[in-house]
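As stored in structure-v6.txt (compact mmCIF, C-alpha atoms and all ligand atoms):
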```txt
# COMPACT_ATOMS: atom_id res chain seq x y z
CA MET A 1 11.23 18.45 -28.57
CA PRO A 2 13.82 19.15 -25.88
CA GLU A 3 15.29 16.07 -24.36
CA ASN A 4 14.24 15.13 -20.87
CA ARG A 5 16.90 16.45 -18.53
CA LYS A 6 16.28 13.83 -15.91
CA THR A 7 15.81 10.15 -16.37
CA GLN A 8 12.56 9.24 -14.69
CA GLU A 9 12.87 6.32 -12.36
CA ARG A 10 9.85 4.12 -12.85
CA LEU A 11 7.73 3.62 -9.77
CA ASP A 12 5.89 0.38 -9.40
CA PRO A 13 2.22 1.38 -9.18
CA ARG A 14 1.40 -1.86 -7.40
CA LYS A 15 3.48 -0.86 -4.38
CA PRO A 16 1.09 0.02 -1.56
CA LEU A 17 2.56 3.46 -0.90
CA VAL A 18 2.69 4.54 -4.54
CA PHE A 19 -0.20 6.79 -5.53
CA ASP A 20 -1.48 7.57 -9.00
CA THR A 21 -2.03 11.32 -9.23
CA ARG A 22 -4.17 11.05 -12.34
CA GLU A 23 -6.98 10.54 -9.83
CA VAL A 24 -6.64 14.15 -8.71
CA GLY A 25 -5.86 15.80 -12.05
CA ARG A 26 -3.63 18.81 -12.62
CA ARG A 27 -6.08 21.66 -12.10
CA PRO A 28 -4.83 23.57 -9.01
CA GLY A 29 -7.30 23.23 -6.17
CA SER A 30 -8.72 19.88 -7.16
CA MET A 31 -8.57 17.27 -4.46
CA LYS A 32 -8.97 13.57 -4.03
CA ARG A 33 -9.30 11.64 -0.81
CA LEU A 34 -8.04 8.07 -0.81
CA ARG A 35 -8.31 5.49 1.92
CA ARG A 36 -6.14 2.48 1.73
CA PRO A 37 -4.77 -0.12 4.15
CA VAL A 38 -0.98 -0.42 3.78
CA PRO A 39 1.55 -2.77 5.37
CA VAL A 40 3.96 -0.79 7.51
CA PRO A 41 7.45 -0.43 5.97
CA GLU A 42 10.11 -2.55 7.64
CA GLY A 43 12.71 -1.29 10.06
CA LEU A 44 10.82 1.54 11.74
CA ALA A 45 12.58 1.28 15.10
CA LEU A 46 14.85 2.90 17.67
CA ASP A 47 16.71 1.07 20.44
CA LEU A 48 13.78 0.64 22.82
CA VAL A 49 10.75 1.13 20.59
CA ARG A 50 9.49 -0.15 17.27
CA VAL A 51 6.45 -0.40 15.03
CA PRO A 52 5.40 -4.06 15.25
CA ALA A 53 6.23 -5.95 12.06
CA GLY A 54 3.18 -6.96 10.06
CA THR A 55 1.16 -3.94 11.21
CA THR A 56 -1.39 -2.60 8.76
CA LEU A 57 -1.75 1.17 8.73
CA GLU A 58 -5.12 2.61 7.75
CA LEU A 59 -4.09 5.46 5.50
CA ASP A 60 -6.54 8.26 4.84
CA VAL A 61 -4.74 10.48 2.35
CA MET A 62 -5.70 13.78 0.77
CA LEU A 63 -4.11 14.51 -2.59
CA GLU A 64 -4.37 18.15 -3.62
CA SER A 65 -3.29 19.57 -6.92
CA VAL A 66 -1.29 22.78 -6.45
CA LEU A 67 0.55 25.00 -8.92
CA GLU A 68 3.88 23.22 -8.59
CA GLY A 69 2.78 19.68 -8.01
CA VAL A 70 0.67 17.49 -5.78
CA LEU A 71 0.42 18.06 -2.06
CA VAL A 72 -0.17 14.95 0.05
CA SER A 73 -1.57 15.25 3.56
CA THR A 74 -2.38 12.51 5.98
CA THR A 75 -2.56 11.78 9.68
CA VAL A 76 -1.95 8.18 10.54
CA THR A 77 -2.10 6.37 13.86
CA VAL A 78 0.94 4.14 14.24
CA PRO A 79 1.05 1.39 16.90
CA LEU A 80 4.25 1.03 18.91
CA GLU A 81 5.75 -1.61 21.13
CA GLY A 82 8.89 -1.40 23.17
CA GLU A 83 10.55 -1.50 26.54
CA CYS A 84 10.24 1.20 29.19
CA GLY A 85 13.39 3.32 29.48
CA ARG A 86 13.10 3.30 33.30
CA CYS A 87 11.89 -0.16 34.26
CA LEU A 88 12.41 -2.16 31.04
CA ASP A 89 8.88 -3.57 31.21
CA PRO A 90 7.35 -4.19 27.78
CA PHE A 91 4.65 -1.74 26.77
CA GLN A 92 2.37 -0.96 23.86
CA ASP A 93 1.36 2.50 22.72
CA SER A 94 0.60 4.45 19.57
CA VAL A 95 1.55 7.80 18.06
CA GLU A 96 -0.26 10.08 15.66
CA VAL A 97 1.95 11.01 12.74
CA ASP A 98 1.22 14.00 10.50
CA ILE A 99 2.60 14.03 7.01
CA GLN A 100 2.43 16.88 4.56
CA GLU A 101 4.61 16.45 1.53
CA LEU A 102 4.80 18.27 -1.79
CA TYR A 103 5.62 16.23 -4.87
CA ALA A 104 6.77 18.63 -7.57
CA TYR A 105 5.84 18.21 -11.21
CA PRO A 106 8.74 17.39 -13.50
CA ASP A 107 9.95 20.59 -15.20
CA SER A 108 8.06 22.83 -12.76
CA GLU A 109 9.84 25.84 -11.27
CA THR A 110 10.22 23.86 -8.03
CA ASP A 111 11.80 21.05 -10.01
CA ASP A 112 14.25 23.54 -11.54
CA THR A 113 15.15 25.39 -8.34
CA THR A 114 15.33 22.74 -5.63
CA ASP A 115 17.14 19.49 -5.02
CA GLU A 116 15.28 16.24 -4.86
CA ASP A 117 16.20 15.77 -1.20
CA GLU A 118 14.57 19.13 -0.40
CA VAL A 119 11.33 18.62 -2.30
CA SER A 120 10.07 15.25 -3.47
CA ARG A 121 9.23 14.71 -7.12
CA LEU A 122 6.44 13.13 -9.02
CA GLN A 123 7.68 10.35 -11.22
CA GLY A 124 5.47 10.48 -14.23
CA ASP A 125 1.98 10.44 -12.78
CA PHE A 126 3.06 8.58 -9.66
CA LEU A 127 4.36 9.50 -6.25
CA ASP A 128 5.94 7.33 -3.59
CA LEU A 129 4.82 8.20 -0.08
CA GLU A 130 7.11 5.65 1.57
CA PRO A 131 10.18 7.87 2.20
CA ALA A 132 8.02 10.64 3.71
CA LEU A 133 6.10 8.16 5.85
CA ARG A 134 9.30 6.51 7.01
CA ASP A 135 10.92 9.83 7.99
CA ALA A 136 7.81 11.07 9.79
CA VAL A 137 7.34 7.86 11.79
CA VAL A 138 10.99 7.63 12.85
CA LEU A 139 10.87 11.28 13.99
CA ALA A 140 7.75 10.53 16.02
CA LEU A 141 9.25 7.55 17.86
CA PRO A 142 10.03 8.39 21.50
CA THR A 143 13.77 8.30 22.20
CA ASN A 144 13.14 7.57 25.89
CA PRO A 145 9.89 5.60 25.91
CA LEU A 146 8.10 5.01 29.21
CA CYS A 147 5.53 2.37 30.16
CA ARG A 148 3.63 5.24 31.77
CA ASP A 149 4.48 8.90 32.36
CA ASP A 150 5.02 8.48 36.08
CA CYS A 151 6.87 5.17 35.95
CA PRO A 152 9.03 5.23 39.11
CA GLY A 153 11.62 2.86 37.63
CA LEU A 154 13.68 0.38 39.58
CA CYS A 155 15.37 0.55 42.96
CA PRO A 156 19.04 1.19 42.04
CA ASP A 157 20.25 -1.13 44.81
CA CYS A 158 18.17 -4.26 44.28
CA GLY A 159 16.70 -3.70 40.80
CA VAL A 160 13.12 -4.37 41.94
CA HIS A 161 10.34 -2.22 40.44
CA TRP A 162 9.33 0.51 42.90
CA ASP A 163 5.71 -0.50 42.26
CA ASP A 164 6.46 -3.87 43.86
CA LEU A 165 8.28 -2.46 46.89
CA PRO A 166 6.76 -1.08 50.09
CA PRO A 167 7.02 2.73 50.44
CA GLU A 168 9.51 2.43 53.31
CA HIS A 169 11.81 0.21 51.22
CA SER A 170 15.46 1.19 51.64
CA HIS A 171 18.90 -0.35 51.76
CA ASP A 172 20.29 1.70 54.68
CA VAL A 173 21.11 -1.39 56.75
CA ALA A 174 23.00 -3.06 53.95
CA ASP A 175 24.98 0.08 53.15
CA PRO A 176 28.61 -1.13 53.29
CA ARG A 177 29.79 2.06 55.04
CA TRP A 178 27.25 1.49 57.81
CA ALA A 179 28.26 -2.16 58.07
CA ALA A 180 31.89 -1.09 58.44
CA LEU A 181 30.97 1.22 61.32
CA GLN A 182 29.14 -1.61 63.00
CA ASN A 183 32.20 -3.85 62.70
CA LEU A 184 34.39 -1.16 64.28
CA ARG A 185 32.08 -1.02 67.27
CA GLU A 186 32.00 -4.76 67.64
CA PRO A 187 34.94 -5.24 70.13
CA ASP A 188 33.64 -2.54 72.50
CA VAL A 189 30.24 -4.15 72.65
CA LYS A 190 31.49 -7.64 73.20
CA GLY A 191 34.29 -6.77 75.59
CA THR A 192 37.20 -9.14 76.04
CA GLN A 193 37.74 -12.00 73.64
CA PRO A 194 37.09 -15.49 74.94
CA ASN A 195 40.16 -17.75 75.37
ZN ZN B 1 8.33 1.66 33.35
ZN ZN B 2 15.92 -1.99 46.67
```
Produce structure tokens that represent the structure in this file.
Amino acid sequence: MPENRKTQERLDPRKPLVFDTREVGRRPGSMKRLRRPVPVPEGLALDLVRVPAGTTLELDVMLESVLEGVLVSTTVTVPLEGECGRCLDPFQDSVEVDIQELYAYPDSETDDTTDEDEVSRLQGDFLDLEPALRDAVVLALPTNPLCRDDCPGLCPDCGVHWDDLPPEHSHDVADPRWAALQNLREPDVKGTQPN
């Protein structure tokens, strides 16, 4: 028997995002659909937006046996919370995240010809969906999230939300250049100074 070229890291099958591929078998074309509630991995966040901690994702996963390994496909709805990039109001939203990830069999041609960071690997009969899920969710997070598409933002002069200001709101009168002009005119208007 040739020695195993790679040491197989043991996956903990009790982890919620670890799947046992014995359920699908190794005959190419066979499929298995699995539904499973999973706690969202920690730390899925950008500056202004995050997946709320403690969220449960309802995973509906298709495992498909292919020549080189097991293909995992799923679409998951991920809730988001954050602050609007224009007005800083808190908002809640959700994104649909598509994941399609191949997990190559050990000693398959894919295993021999690709790096592990290019194509994921099965570890024994198990696969860990967490890294793929994590990458897909972070990619789907909006870098400039908005409370709504047409959020008008804040008045740059007073910082009040444009929604809360009358349409004619402006700061023309308080413009310091205008005030300076008014001051220049002051002596002419008032005439001689009182003694
Ligand atoms: Zn906003
Ligand atoms: Zn203003």
- Message: List the spatial neighbours of segment 132-146 of chain A as number ranges by chain - criterion: any atom at most 10 Å away, all atoms listed in the file, same-chain residues fewer than 6 positions off excluded.
- Response: A: 17, 40-51, 72, 74, 76-78, 80-102, 120, 152-153
- Task: Excluding segment 105-119 of chain A and residues on its chain fewer than 3 positions from it, collect all residues at most 6 Å away from it, counting all atoms listed in the file, and give them as a ChimeraX atom specification.
- Result: /A:68-69,122
- Task: Give me the residues within 9 Å of Asp157 of chain A as a count of residues only, counting all atoms listed in the file and dropping any in the same chain fewer than 3 places off.
- Result: 4
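Rounded to one decimal, atom CA of Arg121 of chain A and atom CA of Tyr103 of chain A lie 4.5 Å from each other.
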Using 12 Å as the limit and counting only C-alpha atoms and all ligand atoms, can you tabulate each residue of chain A that touches ligand ZN 2 (chain B), with its shortest atom-to-atom distance in Å and the two atoms involved, as a tab-separated table?
```
residue	atom	partner	partner_atom	distance
A:Gly153	CA	B:ZN2	ZN	11.1
A:Leu154	CA	B:ZN2	ZN	7.8
A:Cys155	CA	B:ZN2	ZN	4.5
A:Pro156	CA	B:ZN2	ZN	6.4
A:Asp157	CA	B:ZN2	ZN	4.8
A:Cys158	CA	B:ZN2	ZN	4.0
A:Gly159	CA	B:ZN2	ZN	6.2
A:Val160	CA	B:ZN2	ZN	6.0
A:His161	CA	B:ZN2	ZN	8.4
A:Trp162	CA	B:ZN2	ZN	8.0
A:Asp163	CA	B:ZN2	ZN	11.2
A:Asp164	CA	B:ZN2	ZN	10.0
A:Leu165	CA	B:ZN2	ZN	7.7
A:Pro166	CA	B:ZN2	ZN	9.8
A:Pro167	CA	B:ZN2	ZN	10.8
A:Glu168	CA	B:ZN2	ZN	10.2
A:His169	CA	B:ZN2	ZN	6.5
A:Ser170	CA	B:ZN2	ZN	5.9
A:His171	CA	B:ZN2	ZN	6.1
A:Asp172	CA	B:ZN2	ZN	9.8
A:Val173	CA	B:ZN2	ZN	11.4
A:Ala174	CA	B:ZN2	ZN	10.2
A:Asp175	CA	B:ZN2	ZN	11.3
```
Let me have the centre and edge lengths of the axis-aligned box enclosing all listed atoms of segment 49-64 of chain A with 6 Å padding on every side, in Å to one decimal, as AutoDock Vina command-line options.
```
--center_x 2.1 --center_y 5.6 --center_z 8.5 --size_x 29.3 --size_y 37.1 --size_z 36.2
```
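For the choices A:Pro131, A:Pro39, A:Arg27, A:Val18, the atom-to-atom distance to Val61 of chain A is smallest for A:Val18 when using all atoms listed in the file.
Between atom CA of Val24 of chain A and atom CA of Val66 of chain A lies a distance of 10.4 Å.
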